[in-house]
file data-v7.txt (compact mmCIF, C-alpha atoms)
# COMPACT_ATOMS: atom_id res chain seq x y z
CA MET A 1 0.00 0.00 0.00
CA GLU A 2 1.28 3.42 -0.91
CA LYS A 3 2.22 5.65 1.99
CA LEU A 4 -0.21 8.52 2.61
CA ARG A 5 1.65 11.83 2.67
CA LYS A 6 0.19 15.16 3.81
CA ALA A 7 1.68 18.65 3.72
CA GLY A 8 0.66 21.84 5.49
CA LEU A 9 1.63 25.49 5.56
CA LEU A 10 1.03 27.78 8.52
CA ILE A 11 1.39 31.50 7.86
CA LEU A 12 2.04 33.95 10.66
CA THR A 13 1.76 37.68 10.11
CA ARG A 14 1.79 40.89 12.08
CA ILE A 15 -1.39 42.91 12.45
CA PRO A 16 -0.66 46.56 13.36
CA ASN A 17 -1.68 47.38 16.95
CA MET A 18 -2.73 43.78 17.52
CA GLY A 19 0.41 41.66 17.28
CA ILE A 20 1.36 38.41 15.59
CA VAL A 21 -1.37 36.03 14.47
CA GLY A 22 -1.47 32.59 12.92
CA VAL A 23 -3.75 32.37 9.89
CA SER A 24 -6.05 29.43 10.37
CA GLN A 25 -8.47 27.90 7.92
CA THR A 26 -11.58 26.53 9.58
CA ARG A 27 -13.01 23.42 7.99
CA GLY A 28 -16.46 23.80 6.51
CA ILE A 29 -19.53 21.70 7.22
CA TYR A 30 -20.50 20.45 3.78
CA ASP A 31 -18.40 19.61 0.72
CA VAL A 32 -20.27 21.34 -2.11
CA LYS A 33 -18.20 19.60 -4.81
CA ASN A 34 -18.67 16.03 -3.66
CA LEU A 35 -22.02 16.71 -1.99
CA ARG A 36 -21.28 15.12 1.36
CA PRO A 37 -20.62 16.27 4.93
CA LEU A 38 -17.00 17.08 5.75
CA SER A 39 -15.12 15.34 8.53
CA PHE A 40 -14.06 17.41 11.54
CA PRO A 41 -16.51 20.23 10.70
CA SER A 42 -15.63 23.72 12.00
CA VAL A 43 -12.23 22.55 13.26
CA SER A 44 -9.30 24.97 12.93
CA GLN A 45 -6.49 23.91 10.62
CA VAL A 46 -3.21 25.43 9.49
CA THR A 47 -3.53 27.91 6.59
CA VAL A 48 -3.14 25.32 3.84
CA TYR A 49 -3.32 21.55 4.23
CA GLY A 50 -3.71 18.64 1.87
CA LYS A 51 -2.71 15.22 0.61
CA CYS A 52 0.35 14.85 -1.64
CA LYS A 53 -0.31 13.45 -5.08
CA LYS A 54 1.87 10.68 -6.44
CA ASP A 55 5.41 11.94 -7.21
CA GLU A 56 4.66 15.28 -5.56
CA ASN A 57 7.03 16.57 -2.86
CA PHE A 58 5.83 18.57 0.16
CA PRO A 59 6.55 22.08 -1.27
CA ASP A 60 4.81 21.13 -4.55
CA THR A 61 1.72 20.04 -2.60
CA ILE A 62 1.74 23.28 -0.60
CA LEU A 63 1.91 25.33 -3.81
CA ARG A 64 -0.96 23.43 -5.43
CA GLU A 65 -3.12 23.45 -2.32
CA ALA A 66 -2.48 27.15 -1.70
CA LYS A 67 -3.79 27.99 -5.17
CA GLU A 68 -6.86 25.83 -4.61
CA GLU A 69 -7.62 26.86 -1.04
CA LEU A 70 -6.64 30.55 -0.99
CA GLY A 71 -7.00 31.49 -4.66
CA GLU A 72 -4.37 32.28 -7.33
CA LYS A 73 -3.81 35.89 -6.34
CA ALA A 74 -3.15 35.26 -2.65
CA SER A 75 -0.96 32.25 -3.33
CA ASP A 76 1.18 34.23 -5.78
CA ILE A 77 1.87 36.76 -3.01
CA ILE A 78 2.38 34.17 -0.28
CA LEU A 79 4.48 31.75 -2.28
CA PRO A 80 6.65 33.64 -4.78
CA LYS A 81 9.81 32.04 -6.18
CA LYS A 82 12.22 31.04 -3.38
CA TRP A 83 9.46 31.57 -0.79
CA ARG A 84 11.12 29.23 1.69
CA GLU A 85 14.27 31.38 1.86
CA LYS A 86 12.36 34.66 1.64
CA PHE A 87 10.01 33.91 4.53
CA ASN A 88 12.44 31.80 6.61
CA ALA A 89 10.37 28.60 6.35
CA GLN A 90 10.64 26.28 9.35
CA THR A 91 9.30 22.79 9.87
CA VAL A 92 6.93 23.02 12.84
CA TYR A 93 5.47 19.52 12.77
CA SER A 94 6.62 16.29 11.22
CA TYR A 95 5.43 12.74 11.65
CA SER A 96 6.40 9.53 9.96
CA SER A 97 5.12 5.97 10.33
CA VAL A 98 4.86 2.94 8.07
CA ASP A 99 1.77 4.25 6.31
CA LEU A 100 1.67 8.00 6.99
CA GLU A 101 3.99 10.96 6.65
CA ILE A 102 3.07 14.55 7.59
CA GLU A 103 5.10 17.74 7.31
CA ILE A 104 3.86 21.20 8.31
CA ILE A 105 5.97 24.23 7.44
CA ALA A 106 5.54 27.69 8.95
CA ILE A 107 6.51 31.04 7.43
CA PHE A 108 6.33 34.60 8.70
CA ILE A 109 5.07 37.33 6.35
CA GLU A 110 5.55 40.79 7.83
CA ASP A 111 3.07 42.55 5.53
CA HIS A 112 -0.42 41.35 6.40
CA THR A 113 -2.12 42.85 3.32
CA PHE A 114 -2.10 39.46 1.56
CA LEU A 115 -5.11 38.67 3.79
CA GLN A 116 -7.23 40.95 1.58
CA GLU A 117 -6.52 38.77 -1.41
CA ILE A 118 -7.53 35.45 0.14
CA ARG A 119 -10.46 33.80 -1.62
CA ALA A 120 -11.43 30.59 0.10
CA GLU A 121 -13.25 27.66 -1.50
CA PRO A 122 -17.01 27.50 -0.92
CA SER A 123 -16.62 24.40 1.24
CA SER A 124 -14.24 26.21 3.54
CA GLY A 125 -15.57 27.40 6.89
CA GLU A 126 -13.71 30.63 7.41
CA ILE A 127 -10.26 32.17 7.71
CA ARG A 128 -9.56 32.92 11.36
CA LEU A 129 -6.71 34.89 12.92
CA ILE A 130 -5.38 33.18 16.05
CA PHE A 131 -3.23 34.81 18.73
CA GLN A 132 -0.65 32.93 20.81
CA ARG A 133 -2.62 33.67 23.99
CA GLN A 134 -5.61 31.75 22.59
CA LEU A 135 -3.66 28.48 22.37
CA SER A 136 -4.10 27.68 26.06
CA SER A 137 -7.88 27.48 25.61
CA ILE A 138 -7.88 25.38 22.42
CA ARG A 139 -9.93 22.19 22.58
CA GLN A 140 -7.82 19.29 21.30
CA LEU A 141 -9.74 16.82 19.18
CA GLY A 142 -9.28 13.13 18.49
CA GLU A 143 -10.75 10.55 16.10
CA SER A 144 -13.97 10.34 18.13
CA ASP A 145 -14.71 13.96 17.12
CA LYS A 146 -14.52 13.22 13.40
CA SER A 147 -18.23 13.49 12.60
CA VAL A 148 -19.27 16.41 14.84
CA GLY A 149 -16.00 18.33 15.13
CA MET A 150 -16.75 21.69 16.75
CA LEU A 151 -20.39 21.93 15.62
CA HIS A 152 -21.77 21.79 19.14
CA PHE A 153 -19.45 24.50 20.39
CA PRO A 154 -19.79 28.27 19.93
CA ARG A 155 -17.57 30.16 17.48
CA THR A 156 -15.72 31.71 20.40
CA LYS A 157 -14.29 28.26 21.19
CA LEU A 158 -11.60 26.88 18.88
CA GLY A 159 -10.72 23.23 18.35
CA MET A 160 -7.75 21.57 16.65
CA THR A 161 -6.26 18.14 16.15
CA MET A 162 -2.97 17.46 17.91
CA ASP A 163 -0.77 17.96 14.81
CA THR A 164 -2.33 21.37 14.08
CA TYR A 165 -2.04 22.43 17.70
CA THR A 166 1.63 21.43 17.83
CA ALA A 167 2.30 23.32 14.60
CA PHE A 168 0.74 26.52 16.01
CA LEU A 169 2.62 26.14 19.30
CA GLN A 170 5.98 25.67 17.56
CA ALA A 171 5.37 28.43 15.03
CA PHE A 172 4.62 30.97 17.75
CA GLU A 173 7.74 29.80 19.62
CA ILE A 174 9.85 30.53 16.53
CA PHE A 175 8.21 33.62 15.08
CA GLY A 176 6.16 35.02 17.93
CA LYS A 177 8.94 36.87 19.75
CA MET B 1 -30.27 61.88 6.58
CA GLU B 2 -30.15 60.28 3.14
CA LYS B 3 -32.65 57.47 2.79
CA LYS B 4 -31.01 54.09 2.17
CA ARG B 5 -32.08 51.36 -0.15
CA LYS B 6 -31.08 47.78 0.51
CA ILE B 7 -31.25 45.19 -2.23
CA GLY B 8 -30.87 41.46 -1.88
CA LEU B 9 -30.87 38.40 -4.10
CA LEU B 10 -31.39 34.87 -2.79
CA ILE B 11 -30.25 32.05 -5.08
CA LEU B 12 -31.86 28.63 -4.77
CA THR B 13 -30.62 25.48 -6.47
CA PRO B 14 -31.55 21.79 -6.36
CA ILE B 15 -28.95 19.46 -4.86
CA LYS B 16 -28.90 15.67 -4.99
CA HIS B 17 -29.94 14.08 -1.66
CA MET B 18 -30.85 17.49 -0.18
CA GLY B 19 -33.53 18.79 -2.53
CA LEU B 20 -33.95 22.50 -3.04
CA VAL B 21 -31.41 24.56 -1.08
CA ALA B 22 -30.94 28.28 -0.65
CA ILE B 23 -27.38 29.59 -0.79
CA SER B 24 -26.71 31.61 2.30
CA TYR B 25 -23.70 33.87 2.83
CA THR B 26 -22.39 33.68 6.38
CA GLN B 27 -21.16 36.95 7.80
CA GLY B 28 -17.54 36.72 8.95
CA ILE B 29 -15.90 37.98 12.11
CA VAL B 30 -13.57 40.70 10.78
CA HIS B 31 -13.48 42.85 7.66
CA ALA B 32 -10.86 41.68 5.15
CA ARG B 33 -9.44 45.16 4.50
CA ASN B 34 -9.39 46.96 7.84
CA LEU B 35 -9.69 43.85 10.10
CA MET B 36 -12.35 45.63 12.17
CA PRO B 37 -15.09 43.51 13.77
CA LEU B 38 -18.16 42.98 11.58
CA PRO B 39 -21.74 43.33 12.85
CA PHE B 40 -23.79 40.16 13.38
CA PRO B 41 -20.78 37.81 13.10
CA GLY B 42 -21.69 34.27 12.08
CA SER B 43 -25.21 35.21 11.02
CA SER B 44 -26.71 33.96 7.76
CA GLU B 45 -27.66 36.37 5.00
CA VAL B 46 -29.27 36.06 1.58
CA THR B 47 -26.80 35.25 -1.21
CA LEU B 48 -26.27 38.91 -2.16
CA TYR B 49 -27.16 41.92 -0.06
CA ALA B 50 -26.00 45.48 -0.58
CA ASP B 51 -27.06 48.99 0.19
CA SER B 52 -26.70 52.41 -1.34
CA ASP B 53 -28.20 55.87 -1.03
CA LEU B 54 -31.70 56.00 -2.45
CA HIS B 55 -30.79 58.68 -4.96
CA ASP B 56 -27.59 57.00 -6.02
CA ASP B 57 -28.07 56.67 -9.77
CA GLN B 58 -26.66 53.15 -9.94
CA ASP B 59 -29.35 50.66 -10.85
CA GLU B 60 -30.12 47.60 -8.74
CA THR B 61 -28.27 45.23 -11.05
CA ASP B 62 -25.05 47.24 -10.80
CA ILE B 63 -25.27 47.34 -7.02
CA LEU B 64 -25.77 43.57 -6.84
CA ILE B 65 -23.00 42.90 -9.38
CA ARG B 66 -20.56 44.89 -7.24
CA ASN B 67 -21.68 42.90 -4.22
CA ALA B 68 -21.26 39.59 -6.09
CA GLU B 69 -17.67 40.52 -6.99
CA GLU B 70 -16.90 41.42 -3.38
CA ARG B 71 -18.53 38.35 -1.91
CA TYR B 72 -17.76 35.58 -4.38
CA GLY B 73 -15.20 36.87 -6.87
CA GLU B 74 -15.47 38.06 -10.47
CA ASN B 75 -16.44 34.62 -11.83
CA SER B 76 -19.68 34.74 -9.90
CA VAL B 77 -21.13 37.64 -11.90
CA ASP B 78 -21.85 35.61 -15.04
CA ILE B 79 -23.36 32.83 -12.95
CA PHE B 80 -25.69 35.03 -10.96
CA PHE B 81 -26.68 37.52 -13.62
CA SER B 82 -26.95 35.53 -16.83
CA ASN B 83 -30.61 36.51 -17.28
CA TYR B 84 -30.42 40.05 -15.98
CA ASN B 85 -29.74 43.17 -17.93
CA HIS B 86 -29.88 46.82 -17.08
CA HIS B 87 -33.00 47.68 -19.05
CA LEU B 88 -35.07 44.60 -18.42
CA GLN B 89 -34.65 43.73 -14.78
CA PRO B 90 -36.65 40.61 -14.03
CA PHE B 91 -36.53 41.21 -10.30
CA GLU B 92 -39.29 38.72 -9.70
CA PRO B 93 -40.48 37.38 -7.40
CA SER B 94 -40.26 39.84 -4.55
CA VAL B 95 -39.58 37.72 -1.45
CA PHE B 96 -39.24 40.60 1.00
CA LYS B 97 -40.25 44.23 0.76
CA PHE B 98 -40.17 46.89 3.46
CA SER B 99 -40.26 50.64 3.51
CA SER B 100 -39.71 53.11 6.34
CA ASP B 101 -38.66 56.77 6.65
CA SER B 102 -35.02 55.77 6.55
CA THR B 103 -34.86 52.60 4.45
CA ASN B 104 -36.33 50.78 1.49
CA VAL B 105 -35.58 47.06 1.48
CA PHE B 106 -36.21 44.82 -1.49
CA ILE B 107 -35.12 41.18 -1.76
CA THR B 108 -35.72 39.03 -4.80
CA ALA B 109 -34.95 35.35 -5.47
CA LYS B 110 -33.78 33.27 -8.39
CA LEU B 111 -33.72 29.55 -9.10
CA VAL B 112 -30.55 28.25 -10.78
CA ASP B 113 -31.01 24.69 -12.04
CA ASP B 114 -27.34 23.77 -12.25
CA SER B 115 -25.90 23.44 -8.74
CA SER B 116 -22.35 23.33 -10.09
CA LEU B 117 -22.46 27.13 -9.78
CA LEU B 118 -21.38 26.50 -6.20
CA HIS B 119 -17.97 25.25 -7.32
CA SER B 120 -17.01 28.59 -8.82
CA LEU B 121 -17.73 30.75 -5.79
CA ARG B 122 -14.79 32.00 -3.70
CA VAL B 123 -15.28 33.80 -0.41
CA PRO B 124 -13.06 36.46 1.25
CA LEU B 125 -11.79 36.78 4.82
CA SER B 126 -14.88 38.85 5.63
CA SER B 127 -17.04 35.75 5.23
CA SER B 128 -17.55 32.64 7.30
CA GLY B 129 -18.38 30.74 4.11
CA ILE B 130 -21.49 29.49 2.40
CA ARG B 131 -24.23 27.55 4.10
CA LEU B 132 -26.83 25.52 2.23
CA ILE B 133 -30.23 25.94 3.85
CA THR B 134 -33.22 23.69 3.18
CA GLN B 135 -36.85 24.54 3.87
CA ASP B 136 -36.89 22.04 6.77
CA MET B 137 -34.16 23.96 8.53
CA LEU B 138 -36.20 27.16 8.72
CA CYS B 139 -38.15 26.09 11.81
CA GLN B 140 -34.88 25.99 13.80
CA ILE B 141 -33.62 29.40 12.75
CA ARG B 142 -32.81 31.87 15.51
CA ILE B 143 -34.11 35.34 14.68
CA LEU B 144 -31.61 38.06 15.51
CA ASP B 145 -32.31 41.70 16.30
CA ASP B 146 -30.29 44.83 17.03
CA HIS B 147 -29.26 43.49 20.46
CA ASP B 148 -27.33 40.76 18.66
CA LYS B 149 -25.36 43.17 16.50
CA GLU B 150 -22.09 42.82 18.44
CA HIS B 151 -21.99 39.09 19.17
CA GLY B 152 -24.22 37.74 16.43
CA MET B 153 -23.98 33.94 16.52
CA MET B 154 -20.55 33.86 18.21
CA ARG B 155 -21.79 32.53 21.55
CA LEU B 156 -24.11 29.91 20.11
CA ALA B 157 -23.26 26.45 18.80
CA ARG B 158 -21.96 26.48 15.22
CA SER B 159 -24.68 23.99 14.27
CA GLN B 160 -27.28 26.72 14.92
CA ILE B 161 -28.29 29.13 12.21
CA GLY B 162 -29.29 32.70 12.95
CA MET B 163 -30.56 35.52 10.76
CA THR B 164 -32.40 38.82 10.97
CA TYR B 165 -36.17 38.88 10.50
CA ASP B 166 -36.09 40.31 6.95
CA THR B 167 -33.61 37.62 5.87
CA PHE B 168 -35.76 34.92 7.45
CA LYS B 169 -38.89 36.16 5.65
CA ALA B 170 -36.98 36.22 2.36
CA PHE B 171 -35.94 32.58 2.81
CA GLU B 172 -39.44 31.56 3.86
CA ASN B 173 -41.11 33.26 0.88
CA ALA B 174 -38.52 32.03 -1.60
CA PHE B 175 -39.13 28.43 -0.52
CA LEU B 176 -42.87 28.98 -0.76
CA PHE B 177 -42.49 30.31 -4.29
CA PHE B 178 -39.86 27.98 -5.73
CA GLY B 179 -40.58 24.95 -3.53
CA LYS B 180 -43.99 24.61 -5.13
CA ARG B 181 -42.56 24.93 -8.61
CA GLU B 182 -40.04 22.17 -7.84
CA ASP B 183 -42.88 19.93 -6.58
CA GLU B 184 -44.82 20.48 -9.80
CA ARG B 185 -41.91 19.38 -12.01

call {"tool": "encode", "arguments": {"input": "data-v7.txt", "output": "structure tokens"}}
result
Amino acid sequence: MEKLRKAGLLILTRIPNMGIVGVSQTRGIYDVKNLRPLSFPSVSQVTVYGKCKKDENFPDTILREAKEELGEKASDIILPKKWREKFNAQTVYSYSSVDLEIEIIAIFIEDHTFLQEIRAEPSSGEIRLIFQRQLSSIRQLGESDKSVGMLHFPRTKLGMTMDTYTAFLQAFEIFGK
Amino acid sequence: MEKKRKIGLLILTPIKHMGLVAISYTQGIVHARNLMPLPFPGSSEVTLYADSDLHDDQDETDILIRNAEERYGENSVDIFFSNYNHHLQPFEPSVFKFSSDSTNVFITAKLVDDSSLLHSLRVPLSSSGIRLITQDMLCQIRILDDHDKEHGMMRLARSQIGMTYDTFKAFENAFLFFGKREDER
């Protein structure tokens, strides 16, 4: 069986008079393309996250997923040529087992105006800006939360899976100072 | 004070396994440009909703086209307005109409047979996405008023849907109008 590989990108940026935020993409409730409910509805994810296609490396997956999930215009700003060097990309979560490999990379973009250009897919929940101080009140989710996710909780409460949570924690450690 | 006019368009489309659904725009938490908090965060709105001064010489179609570009991107304009033009505005049926000293509100609805229109829509940071609402869901809607302007649906479970009274009436009337037509097919 082919190993499942997943790649993610977490963007941090500075909002004037507010501080540094992590840009989170909240999962939607219903997949309008495949016409079925989404797993982990309303759960906070890193900015871009997806499965690698065959023969695709992690940065290639991030580029493709960024175009799909954030729109062409935003992804061109966020991921120009040599984006990893330009934005000091750091691995903030990695996992490897016999059948699964995950890598999440974080970058820091000083100019927050790319946020205006984000155009999320219709199945997406929302783009949410998360502060480091909010991490202590995050609800961590496991497999048993797959079907209901955060649906029964108010929007003021955020929930993440362990890999996403770790990625946010590490990214704020690196870029948050 | 200049009298305002508010214009809305609610799009309905049939979806496999769900039946007729109305496409609702969910109000986001912050504005994409200035990152200021938005009123009624998390509340559901009709697909397009915009306002202008009453004596603004822009016609209704132009106002809604501008709103479609802001809410769903440029590609959405052709999808939403394929049968509309500036001289012959088939703004029928009226699903909500209200007039007061300060505001005129008019909401119309349109049935789009091909639900693949949903694939082309792209929402900005100012939105909490699209929600598909069926007629059955209307009995569970929470009606919001001016007291809810600051917190909107933020303190309620995400599974709950909330909207203002005019939006609710627009959904209700649109389902009454188009739901029957779907049954007759």

call {"tool": "interface_residues", "arguments": {"input": "data-v7.txt", "of": "chain B", "to": "chain A", "cutoff": "6 Å", "atoms": "only C-alpha atoms", "output": "PyMOL selection string"}}
result
chain B and resi 32-33+121-125+128-130+154-159

call {"tool": "atom_distance", "arguments": {"input": "data-v7.txt", "atom1": "CA of Gln27 (chain B)", "atom2": "CA of Gly152 (chain B)"}}
result
9.2 Å

call {"tool": "atom_distance", "arguments": {"input": "data-v7.txt", "atom1": "CA of Ile7 (chain B)", "atom2": "CA of Lys73 (chain A)"}}
result
29.3 Å

call {"tool": "atom_distance", "arguments": {"input": "data-v7.txt", "atom1": "CA of Leu12 (chain B)", "atom2": "CA of Lys149 (chain B)"}}
result
26.6 Å

call {"tool": "residues_around", "arguments": {"input": "data-v7.txt", "residues": "Ser137 (chain A)", "least_positions_apart": "4", "cutoff": "12 Å", "atoms": "only C-alpha atoms", "output": "list in words"}}
result
Ile130, Phe131, Gln132, Arg133, Thr156, Lys157, Leu158, Gly159, Met160 and Tyr165 of chain A

call {"tool": "residues_near_point", "arguments": {"input": "data-v7.txt", "point": "(1.0, 38.8, 8.9)", "cutoff": "9 Å", "atoms": "all atoms listed in the file", "output": "short mmCIF file (atom, residue, chain, number, x, y, z; two decimals) with C-alpha atoms, in the frame of the given file"}}
result
data_model
loop_
_atom_site.label_atom_id
_atom_site.label_comp_id
_atom_site.auth_asym_id
_atom_site.auth_seq_id
_atom_site.Cartn_x
_atom_site.Cartn_y
_atom_site.Cartn_z
CA ILE A 11 1.39 31.50 7.86
CA LEU A 12 2.04 33.95 10.66
CA THR A 13 1.76 37.68 10.11
CA ARG A 14 1.79 40.89 12.08
CA ILE A 15 -1.39 42.91 12.45
CA GLY A 19 0.41 41.66 17.28
CA ILE A 20 1.36 38.41 15.59
CA VAL A 21 -1.37 36.03 14.47
CA GLY A 22 -1.47 32.59 12.92
CA VAL A 23 -3.75 32.37 9.89
CA PHE A 108 6.33 34.60 8.70
CA ILE A 109 5.07 37.33 6.35
CA GLU A 110 5.55 40.79 7.83
CA ASP A 111 3.07 42.55 5.53
CA HIS A 112 -0.42 41.35 6.40
CA THR A 113 -2.12 42.85 3.32
CA PHE A 114 -2.10 39.46 1.56
CA LEU A 115 -5.11 38.67 3.79
#

call {"tool": "closest_residue", "arguments": {"input": "data-v7.txt", "among": "A:Ile104, A:Leu79, A:Leu141, A:Thr61", "to": "Val92 (chain A)", "atoms": "all atoms listed in the file"}}
result
A:Ile104

call {"tool": "closest_residue", "arguments": {"input": "data-v7.txt", "among": "B:Gly73, B:Gly179, B:Gly42, B:Pro93", "to": "Ile161 (chain B)", "atoms": "only C-alpha atoms"}}
result
B:Gly42

call {"tool": "residues_around", "arguments": {"input": "data-v7.txt", "residues": "Pro39 (chain B)", "least_positions_apart": "6", "cutoff": "10 Å", "atoms": "only C-alpha atoms", "output": "mmCIF file with C-alpha atoms, keeping the file's coordinate frame"}}
result
data_model
loop_
_atom_site.group_PDB
_atom_site.id
_atom_site.type_symbol
_atom_site.label_atom_id
_atom_site.label_comp_id
_atom_site.auth_asym_id
_atom_site.auth_seq_id
_atom_site.Cartn_x
_atom_site.Cartn_y
_atom_site.Cartn_z
ATOM 1 C CA GLN B 27 -21.160 36.950 7.800
ATOM 2 C CA GLY B 28 -17.540 36.720 8.950
ATOM 3 C CA ILE B 29 -15.900 37.980 12.110
ATOM 4 C CA VAL B 30 -13.570 40.700 10.780
ATOM 5 C CA HIS B 31 -13.480 42.850 7.660
ATOM 6 C CA ASP B 146 -30.290 44.830 17.030
ATOM 7 C CA ASP B 148 -27.330 40.760 18.660
ATOM 8 C CA LYS B 149 -25.360 43.170 16.500
ATOM 9 C CA GLU B 150 -22.090 42.820 18.440
ATOM 10 C CA HIS B 151 -21.990 39.090 19.170
ATOM 11 C CA GLY B 152 -24.220 37.740 16.430
#

call {"tool": "closest_residue", "arguments": {"input": "data-v7.txt", "among": "B:Gln135, B:Asn75, B:Thr103, B:Thr164", "to": "Phe178 (chain B)", "atoms": "all atoms listed in the file"}}
result
B:Gln135

call {"tool": "closest_residue", "arguments": {"input": "data-v7.txt", "among": "A:Ala74, A:Ala167, A:Val46, A:Met162", "to": "Gln90 (chain A)", "atoms": "only C-alpha atoms"}}
result
A:Ala167

call {"tool": "residues_around", "arguments": {"input": "data-v7.txt", "residues": "region 77-81 of chain B", "least_positions_apart": "5", "cutoff": "7 Å", "atoms": "all atoms listed in the file", "output": "ChimeraX atom specification"}}
result
/B:65,68-69,117
